[in-house]
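work_26.csv, holding CSV, C-alpha atoms and all ligand atoms:
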chain,number,residue,atom,x,y,z
T,29,MET,CA,50.2,120.1,150.7
T,30,THR,CA,51.4,116.7,149.7
T,31,LYS,CA,50.7,115.9,146.0
T,32,PRO,CA,53.2,116.6,143.2
T,33,ALA,CA,52.1,118.7,140.2
T,34,VAL,CA,53.3,119.8,136.9
T,35,PHE,CA,52.3,123.5,136.2
T,36,LEU,CA,52.1,124.3,132.6
T,37,ASP,CA,52.3,127.5,130.7
T,38,ARG,CA,49.7,127.4,127.9
T,39,ASP,CA,50.7,129.4,124.9
T,40,GLY,CA,53.9,128.2,123.2
T,41,THR,CA,54.1,125.3,125.6
T,42,VAL,CA,50.9,123.2,125.5
T,43,ILE,CA,49.5,124.9,122.4
T,44,GLU,CA,51.0,126.9,119.5
T,45,GLU,CA,51.9,130.5,120.2
T,46,ARG,CA,49.4,132.6,118.3
T,47,GLY,CA,49.7,136.0,119.9
T,48,TYR,CA,46.3,136.8,121.4
T,49,LEU,CA,44.2,133.7,120.8
T,50,ASP,CA,40.9,135.5,120.0
T,51,ARG,CA,39.4,133.0,117.6
T,52,MET,CA,38.9,129.3,118.2
T,53,GLU,CA,40.5,128.5,114.8
T,54,LEU,CA,43.8,129.7,116.3
T,55,LEU,CA,43.8,126.9,118.8
T,56,GLU,CA,46.3,124.2,117.8
T,57,LEU,CA,47.9,121.6,120.1
T,58,PHE,CA,51.4,120.4,119.4
T,59,PRO,CA,51.4,116.9,118.0
T,60,TRP,CA,53.0,115.5,121.2
T,61,THR,CA,50.9,117.5,123.7
T,62,ALA,CA,48.3,114.8,124.6
T,63,ASP,CA,51.0,112.0,124.8
T,64,ALA,CA,53.2,114.2,127.0
T,65,LEU,CA,50.4,115.0,129.4
T,66,ARG,CA,49.2,111.4,129.5
T,67,LEU,CA,52.6,110.3,130.6
T,68,LEU,CA,52.8,112.8,133.4
T,69,LYS,CA,49.4,112.0,134.6
T,70,ARG,CA,50.2,108.3,134.7
T,71,ALA,CA,53.2,109.1,136.8
T,72,GLY,CA,51.0,110.7,139.3
T,73,TYR,CA,51.2,114.4,138.6
T,74,THR,CA,48.3,116.7,138.9
T,75,LEU,CA,48.3,118.9,135.8
T,76,VAL,CA,47.6,122.6,136.2
T,77,VAL,CA,47.7,125.3,133.5
T,78,VAL,CA,48.9,128.7,134.7
T,79,THR,CA,48.4,131.3,131.9
T,80,ASN,CA,48.7,135.1,131.7
T,81,GLN,CA,45.7,136.3,129.8
T,82,SER,CA,46.2,140.1,129.5
T,83,ALA,CA,44.0,139.9,126.4
T,84,ILE,CA,41.1,140.1,128.9
T,85,ALA,CA,42.4,143.3,130.6
T,86,ARG,CA,42.9,144.7,127.1
T,87,GLY,CA,39.3,143.9,126.1
T,88,ILE,CA,40.5,141.6,123.2
T,89,ILE,CA,38.7,138.6,124.7
T,90,ASP,CA,36.3,138.1,127.6
T,91,GLU,CA,36.3,135.5,130.4
T,92,PRO,CA,33.5,133.4,128.9
T,93,PHE,CA,35.5,133.1,125.6
T,94,LEU,CA,38.6,132.0,127.6
T,95,GLY,CA,36.4,129.4,129.2
T,96,GLN,CA,35.3,128.1,125.8
T,97,VAL,CA,39.0,127.9,124.7
T,98,HIS,CA,39.9,125.9,127.7
T,99,HIS,CA,36.8,123.6,127.3
T,100,GLU,CA,37.8,123.0,123.6
T,101,LEU,CA,41.4,122.4,124.6
T,102,SER,CA,40.3,119.8,127.2
T,103,THR,CA,38.0,118.2,124.6
T,104,ARG,CA,40.9,117.7,122.2
T,105,LEU,CA,43.1,116.4,125.0
T,106,ALA,CA,40.5,113.9,126.0
T,107,ARG,CA,40.6,112.5,122.4
T,108,GLY,CA,44.2,111.7,123.1
T,109,GLY,CA,43.5,110.2,126.5
T,110,ALA,CA,44.8,113.3,128.4
T,111,ALA,CA,43.3,115.8,130.8
T,112,ILE,CA,44.2,119.1,132.5
T,113,ASP,CA,43.0,119.0,136.1
T,114,ARG,CA,42.6,122.8,136.5
T,115,TYR,CA,43.1,126.0,134.6
T,116,TYR,CA,44.3,129.2,136.4
T,117,TYR,CA,44.6,132.4,134.5
T,118,CYS,CA,45.6,136.0,135.3
T,119,PRO,CA,43.3,138.5,133.5
T,120,HIS,CA,45.1,141.6,135.0
T,121,LEU,CA,47.4,144.3,133.8
T,122,VAL,CA,48.8,147.2,135.7
T,123,ASP,CA,47.7,149.7,133.0
T,124,ALA,CA,44.7,147.8,131.7
T,125,PRO,CA,42.3,149.6,129.4
T,126,LEU,CA,39.4,147.9,131.3
T,127,GLU,CA,39.3,149.3,134.8
T,128,ARG,CA,38.0,146.2,136.6
T,129,TYR,CA,41.2,144.3,135.5
T,130,ARG,CA,43.6,147.2,136.3
T,131,GLN,CA,45.8,146.1,139.2
T,132,THR,CA,49.2,145.1,140.3
T,133,CYS,CA,48.5,141.5,141.2
T,134,ARG,CA,50.5,138.6,142.5
T,135,CYS,CA,49.1,136.2,139.8
T,136,ARG,CA,50.6,137.7,136.7
T,137,LYS,CA,53.7,135.7,135.8
T,138,PRO,CA,56.5,136.0,136.8
T,139,GLY,CA,54.6,136.4,140.0
T,140,PRO,CA,54.0,133.1,141.9
T,141,GLY,CA,50.4,133.8,142.7
T,142,MET,CA,48.7,131.2,140.4
T,143,ILE,CA,50.9,128.4,141.6
T,144,GLU,CA,50.5,129.4,145.2
T,145,GLN,CA,46.7,129.4,144.8
T,146,ALA,CA,46.7,126.1,143.1
T,147,CYS,CA,48.8,124.5,145.8
T,148,GLN,CA,46.4,125.8,148.5
T,149,GLU,CA,43.2,124.8,146.7
T,150,LEU,CA,44.4,121.4,145.3
T,151,GLY,CA,46.7,120.3,148.1
T,152,LEU,CA,49.9,120.4,146.0
T,153,ASP,CA,53.5,120.4,147.2
T,154,PRO,CA,55.6,122.9,145.3
T,155,ALA,CA,58.8,121.2,146.4
T,156,ARG,CA,57.7,118.0,144.6
T,157,SER,CA,56.4,119.9,141.6
T,158,PHE,CA,57.6,121.3,138.3
T,159,MET,CA,56.8,124.3,136.1
T,160,ILE,CA,57.2,124.1,132.3
T,161,GLY,CA,57.1,127.2,130.1
T,162,ASP,CA,58.6,128.7,127.0
T,163,ARG,CA,59.7,132.0,128.6
T,164,TRP,CA,61.9,133.0,131.5
T,165,LEU,CA,59.0,134.5,133.2
T,166,ASP,CA,57.5,131.0,133.5
T,167,VAL,CA,60.7,129.8,135.0
T,168,ALA,CA,60.7,132.7,137.4
T,169,CYS,CA,57.1,131.9,138.4
T,170,GLY,CA,58.0,128.3,139.2
T,171,VAL,CA,61.2,129.2,141.1
T,172,GLY,CA,59.4,131.9,143.1
T,173,ALA,CA,56.7,129.4,144.1
T,174,GLY,CA,59.3,126.8,145.1
T,175,THR,CA,59.1,124.3,142.2
T,176,ARG,CA,61.7,123.1,139.8
T,177,ALA,CA,61.4,124.7,136.4
T,178,ILE,CA,62.0,123.7,132.8
T,179,ARG,CA,62.1,126.0,129.8
T,180,VAL,CA,61.1,124.7,126.4
T,181,LEU,CA,62.2,125.9,123.0
T,182,THR,CA,58.8,126.0,121.4
T,183,GLY,CA,56.7,129.2,121.2
T,184,HIS,CA,58.7,132.2,122.2
T,185,GLY,CA,61.5,129.9,123.5
T,186,PRO,CA,64.0,130.5,120.7
T,187,ALA,CA,63.6,134.3,120.9
T,188,GLU,CA,64.2,134.5,124.7
T,189,PRO,CA,67.6,135.8,125.9
T,190,ALA,CA,70.2,133.2,126.3
T,191,GLU,CA,70.9,134.2,129.9
T,192,PRO,CA,68.2,133.8,132.5
T,193,PRO,CA,67.1,136.9,134.5
T,194,VAL,CA,68.0,137.0,138.2
T,195,ASN,CA,66.4,134.2,140.3
T,196,ALA,CA,65.1,132.4,137.2
T,197,ASN,CA,67.6,129.7,136.6
T,198,ALA,CA,66.0,126.7,134.8
T,199,ASN,CA,66.8,123.1,135.9
T,200,ALA,CA,66.7,122.2,132.2
T,201,ILE,CA,66.2,123.8,128.8
T,202,LEU,CA,64.7,121.3,126.4
T,203,ASP,CA,63.2,121.2,122.9
T,204,ASN,CA,59.5,120.8,123.8
T,205,LEU,CA,56.9,119.5,126.2
T,206,MET,CA,57.5,115.9,125.4
T,207,GLU,CA,61.2,116.2,126.2
T,208,ALA,CA,60.2,118.0,129.4
T,209,ALA,CA,57.9,115.2,130.3
T,210,GLY,CA,60.6,112.6,129.8
T,211,TRP,CA,63.0,114.7,131.9
T,212,ILE,CA,60.5,114.9,134.8
T,213,LEU,CA,59.9,111.2,134.7
T,214,ARG,CA,63.6,110.5,134.8
T,215,ASN,CA,64.0,113.0,137.7
T,216,SER,CA,61.0,111.8,139.7
T,217,PRO,CA,61.5,109.8,143.0
T,218,ARG,CA,60.3,106.2,142.5
T,301,MG,MG,54.1,130.9,126.8
T,302,ZN,ZN,46.6,138.7,138.0

Using structure tokens, write down the structure that the file contains.
Amino acid sequence: MTKPAVFLDRDGTVIEERGYLDRMELLELFPWTADALRLLKRAGYTLVVVTNQSAIARGIIDEPFLGQVHHELSTRLARGGAAIDRYYYCPHLVDAPLERYRQTCRCRKPGPGMIEQACQELGLDPARSFMIGDRWLDVACGVGAGTRAIRVLTGHGPAEPAEPPVNANANAILDNLMEAAGWILRNSPR
């Protein structure tokens, strides 16, 4: 586990928050998304999306559709010279309508499971890594997995409580993903 990574919440952080994204027309990147991710990649960070997708457990979308959304997201990022290295998602819910997704899992944020799995599979070092998300549960996920964490004020960001929950203190609270990328670059070892 040696490489640094930036773990990214998807909805409200990388793309516009649209509730359950169940139609491709709802997919919209922020104007700065590709630039921000390109900067982080150039600085040597592996880029990993970690996203709760209870819409799957609820039967609103299925896993093939989620795959299409991520393929389309990657296609649009590529046009801006950026790329996500890997997507991780949690399809579970404790009280899921669909039985095969009904479980108490370690991967649903604020659980650290997706970051832990990514670190193991991709050889990433959480201590050198960052988590960026618009909600305190994203911060908690990063803190729980041993990364530093930044909360952004896009998506649900402005509606979140002012005070962090226990064990979810952010290293920074910033306007958006581009500001977060700049903060990471300034706080990276040379
Ligand atoms: Mg979010
Ligand atoms: Zn899960």

Inset, instruction - Could you tell me, counting all atoms listed in the file, which protein and nucleic acid residues lie no more than 7 Å from ligand MG 301 (chain T), written as an MDAnalysis selection string? - result: chainID T and resid 37:41 45 161:163 183:184

Legend entry - Separation of CA of Cys169 in chain T from CA of Lys69 in chain T, in Å and rounded to one decimal: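 Spanning CA of Cys169 in chain T to CA of Lys69 in chain T is a straight-line distance of 21.7 Å.
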
Legend entry - Residues within 7 Å of ligand ZN 302 (chain T), counting all atoms listed in the file, as JSON, numbers by chain: {"T": [118, 119, 120, 133, 134, 135, 136]}

Inset, instruction - May I ask which of the residues T:Arg128, T:Arg156, T:Arg66, T:Lys31 is the closest one to Asn215 in chain T, counting all atoms listed in the file? - result: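 Checking each of T:Arg128, T:Arg156, T:Arg66, T:Lys31 against Asn215 in chain T, counting all atoms listed in the file, the winner is T:Arg156.
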
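One finds CA of Val180 in chain T at 5.0 Å from CA of Asn204 in chain T.
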
Inset, instruction - For CA of Ala85 in chain T and CA of Gly47 in chain T, determine how far apart the two atoms are, in Å to one decimal place. - result: 14.9 Å

Inset, instruction - Identify which of the residues T:Gln131, T:Asn195, T:Thr61, T:Thr175 lies closest to Gly108 in chain T, counting only C-alpha atoms when measuring atom-to-atom distances. - result: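 Of all the options, T:Thr61 lies closest to Gly108 in chain T.
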
Legend entry - Among listed residues T:Ile178, T:Leu57, T:Ala111, T:Ile143, nearest Ala209 in chain T (using all atoms listed in the file): T:Ile178

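In this comparison, which uses only C-alpha atoms, the residue of T:Lys137, T:Arg51, T:Arg176, T:His99 approaching Pro154 in chain T most closely is T:Arg176.
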
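Between Ala177 in chain T and the residues T:Glu127, T:Ala200, T:Glu149, T:Thr79, the shortest atom-to-atom distance, using only C-alpha atoms, involves T:Ala200.
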
Inset, instruction - Would you list the contacts of Leu65 in chain T as a ChimeraX atom specification, taking every protein, DNA or RNA residue within 12 Å and counting only C-alpha atoms, but skipping same-chain residues closer than 6 positions in sequence? - result: /T:33-36,41-42,57-59,71-77,102,105-106,108-113,160,205-210,212-213

Legend entry - Neighbour list for Ile84 in chain T as a list in words, cut-off 10 Å, all atoms listed in the file, skip fewer than 3 positions in-chain: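 Counting all atoms listed in the file, the residues come to Tyr48, Asn80, Gln81, Gly87, Ile88, Ile89, Asp90, Glu91, Phe93, Leu94, Cys118, Pro119, His120, Leu121, Ala124, Pro125, Leu126 and Tyr129 of chain T.
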
Please, can range 162-184 of chain T be completed to N, CA and C atoms and returned as a PDB file, keeping the file's coordinate frame?
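Generated file (rebuild-v5.pdb):
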ATOM      1  N   ASP T 162      57.722 128.359 128.075  1.00  0.00           N
ATOM      2  CA  ASP T 162      58.600 128.700 127.000  1.00  0.00           C
ATOM      3  C   ASP T 162      59.380 130.034 127.268  1.00  0.00           C
ATOM      4  N   ARG T 163      59.030 130.731 128.362  1.00  0.00           N
ATOM      5  CA  ARG T 163      59.700 132.000 128.600  1.00  0.00           C
ATOM      6  C   ARG T 163      60.316 132.023 130.009  1.00  0.00           C
ATOM      7  N   TRP T 164      61.281 132.925 130.171  1.00  0.00           N
ATOM      8  CA  TRP T 164      61.900 133.000 131.500  1.00  0.00           C
ATOM      9  C   TRP T 164      60.942 133.426 132.553  1.00  0.00           C
ATOM     10  N   LEU T 165      59.914 134.158 132.203  1.00  0.00           N
ATOM     11  CA  LEU T 165      59.000 134.500 133.200  1.00  0.00           C
ATOM     12  C   LEU T 165      58.202 133.333 133.783  1.00  0.00           C
ATOM     13  N   ASP T 166      58.086 132.293 132.971  1.00  0.00           N
ATOM     14  CA  ASP T 166      57.500 131.000 133.500  1.00  0.00           C
ATOM     15  C   ASP T 166      58.421 130.371 134.465  1.00  0.00           C
ATOM     16  N   VAL T 167      59.699 130.360 134.104  1.00  0.00           N
ATOM     17  CA  VAL T 167      60.700 129.800 135.000  1.00  0.00           C
ATOM     18  C   VAL T 167      60.718 130.549 136.322  1.00  0.00           C
ATOM     19  N   ALA T 168      60.688 131.886 136.226  1.00  0.00           N
ATOM     20  CA  ALA T 168      60.700 132.700 137.400  1.00  0.00           C
ATOM     21  C   ALA T 168      59.485 132.454 138.310  1.00  0.00           C
ATOM     22  N   CYS T 169      58.347 132.251 137.676  1.00  0.00           N
ATOM     23  CA  CYS T 169      57.100 131.900 138.400  1.00  0.00           C
ATOM     24  C   CYS T 169      57.289 130.644 139.198  1.00  0.00           C
ATOM     25  N   GLY T 170      57.822 129.619 138.553  1.00  0.00           N
ATOM     26  CA  GLY T 170      58.000 128.300 139.200  1.00  0.00           C
ATOM     27  C   GLY T 170      59.043 128.455 140.361  1.00  0.00           C
ATOM     28  N   VAL T 171      60.166 129.090 140.061  1.00  0.00           N
ATOM     29  CA  VAL T 171      61.200 129.200 141.100  1.00  0.00           C
ATOM     30  C   VAL T 171      60.684 130.023 142.274  1.00  0.00           C
ATOM     31  N   GLY T 172      59.931 131.095 141.987  1.00  0.00           N
ATOM     32  CA  GLY T 172      59.400 131.900 143.100  1.00  0.00           C
ATOM     33  C   GLY T 172      58.392 131.170 143.941  1.00  0.00           C
ATOM     34  N   ALA T 173      57.723 130.187 143.354  1.00  0.00           N
ATOM     35  CA  ALA T 173      56.700 129.400 144.100  1.00  0.00           C
ATOM     36  C   ALA T 173      57.356 128.156 144.733  1.00  0.00           C
ATOM     37  N   GLY T 174      58.644 127.913 144.430  1.00  0.00           N
ATOM     38  CA  GLY T 174      59.300 126.800 145.100  1.00  0.00           C
ATOM     39  C   GLY T 174      59.311 125.489 144.305  1.00  0.00           C
ATOM     40  N   THR T 175      59.022 125.556 142.985  1.00  0.00           N
ATOM     41  CA  THR T 175      59.100 124.300 142.200  1.00  0.00           C
ATOM     42  C   THR T 175      60.407 124.276 141.436  1.00  0.00           C
ATOM     43  N   ARG T 176      60.701 123.137 140.837  1.00  0.00           N
ATOM     44  CA  ARG T 176      61.700 123.100 139.800  1.00  0.00           C
ATOM     45  C   ARG T 176      61.128 123.596 138.512  1.00  0.00           C
ATOM     46  N   ALA T 177      61.984 124.003 137.571  1.00  0.00           N
ATOM     47  CA  ALA T 177      61.400 124.700 136.400  1.00  0.00           C
ATOM     48  C   ALA T 177      62.197 124.246 135.132  1.00  0.00           C
ATOM     49  N   ILE T 178      61.429 124.047 134.069  1.00  0.00           N
ATOM     50  CA  ILE T 178      62.000 123.700 132.800  1.00  0.00           C
ATOM     51  C   ILE T 178      61.541 124.687 131.738  1.00  0.00           C
ATOM     52  N   ARG T 179      62.507 125.167 130.940  1.00  0.00           N
ATOM     53  CA  ARG T 179      62.100 126.000 129.800  1.00  0.00           C
ATOM     54  C   ARG T 179      62.180 125.221 128.545  1.00  0.00           C
ATOM     55  N   VAL T 180      61.145 125.390 127.723  1.00  0.00           N
ATOM     56  CA  VAL T 180      61.100 124.700 126.400  1.00  0.00           C
ATOM     57  C   VAL T 180      61.311 125.654 125.296  1.00  0.00           C
ATOM     58  N   LEU T 181      61.767 125.108 124.171  1.00  0.00           N
ATOM     59  CA  LEU T 181      62.200 125.900 123.000  1.00  0.00           C
ATOM     60  C   LEU T 181      61.139 126.008 121.937  1.00  0.00           C
ATOM     61  N   THR T 182      59.889 125.732 122.278  1.00  0.00           N
ATOM     62  CA  THR T 182      58.800 126.000 121.400  1.00  0.00           C
ATOM     63  C   THR T 182      58.278 127.434 121.663  1.00  0.00           C
ATOM     64  N   GLY T 183      57.287 127.892 120.919  1.00  0.00           N
ATOM     65  CA  GLY T 183      56.700 129.200 121.200  1.00  0.00           C
ATOM     66  C   GLY T 183      57.731 130.322 121.110  1.00  0.00           C
ATOM     67  N   HIS T 184      57.756 131.156 122.166  1.00  0.00           N
ATOM     68  CA  HIS T 184      58.700 132.200 122.200  1.00  0.00           C
ATOM     69  C   HIS T 184      60.128 131.745 122.638  1.00  0.00           C
TER      70      HIS T 184
END
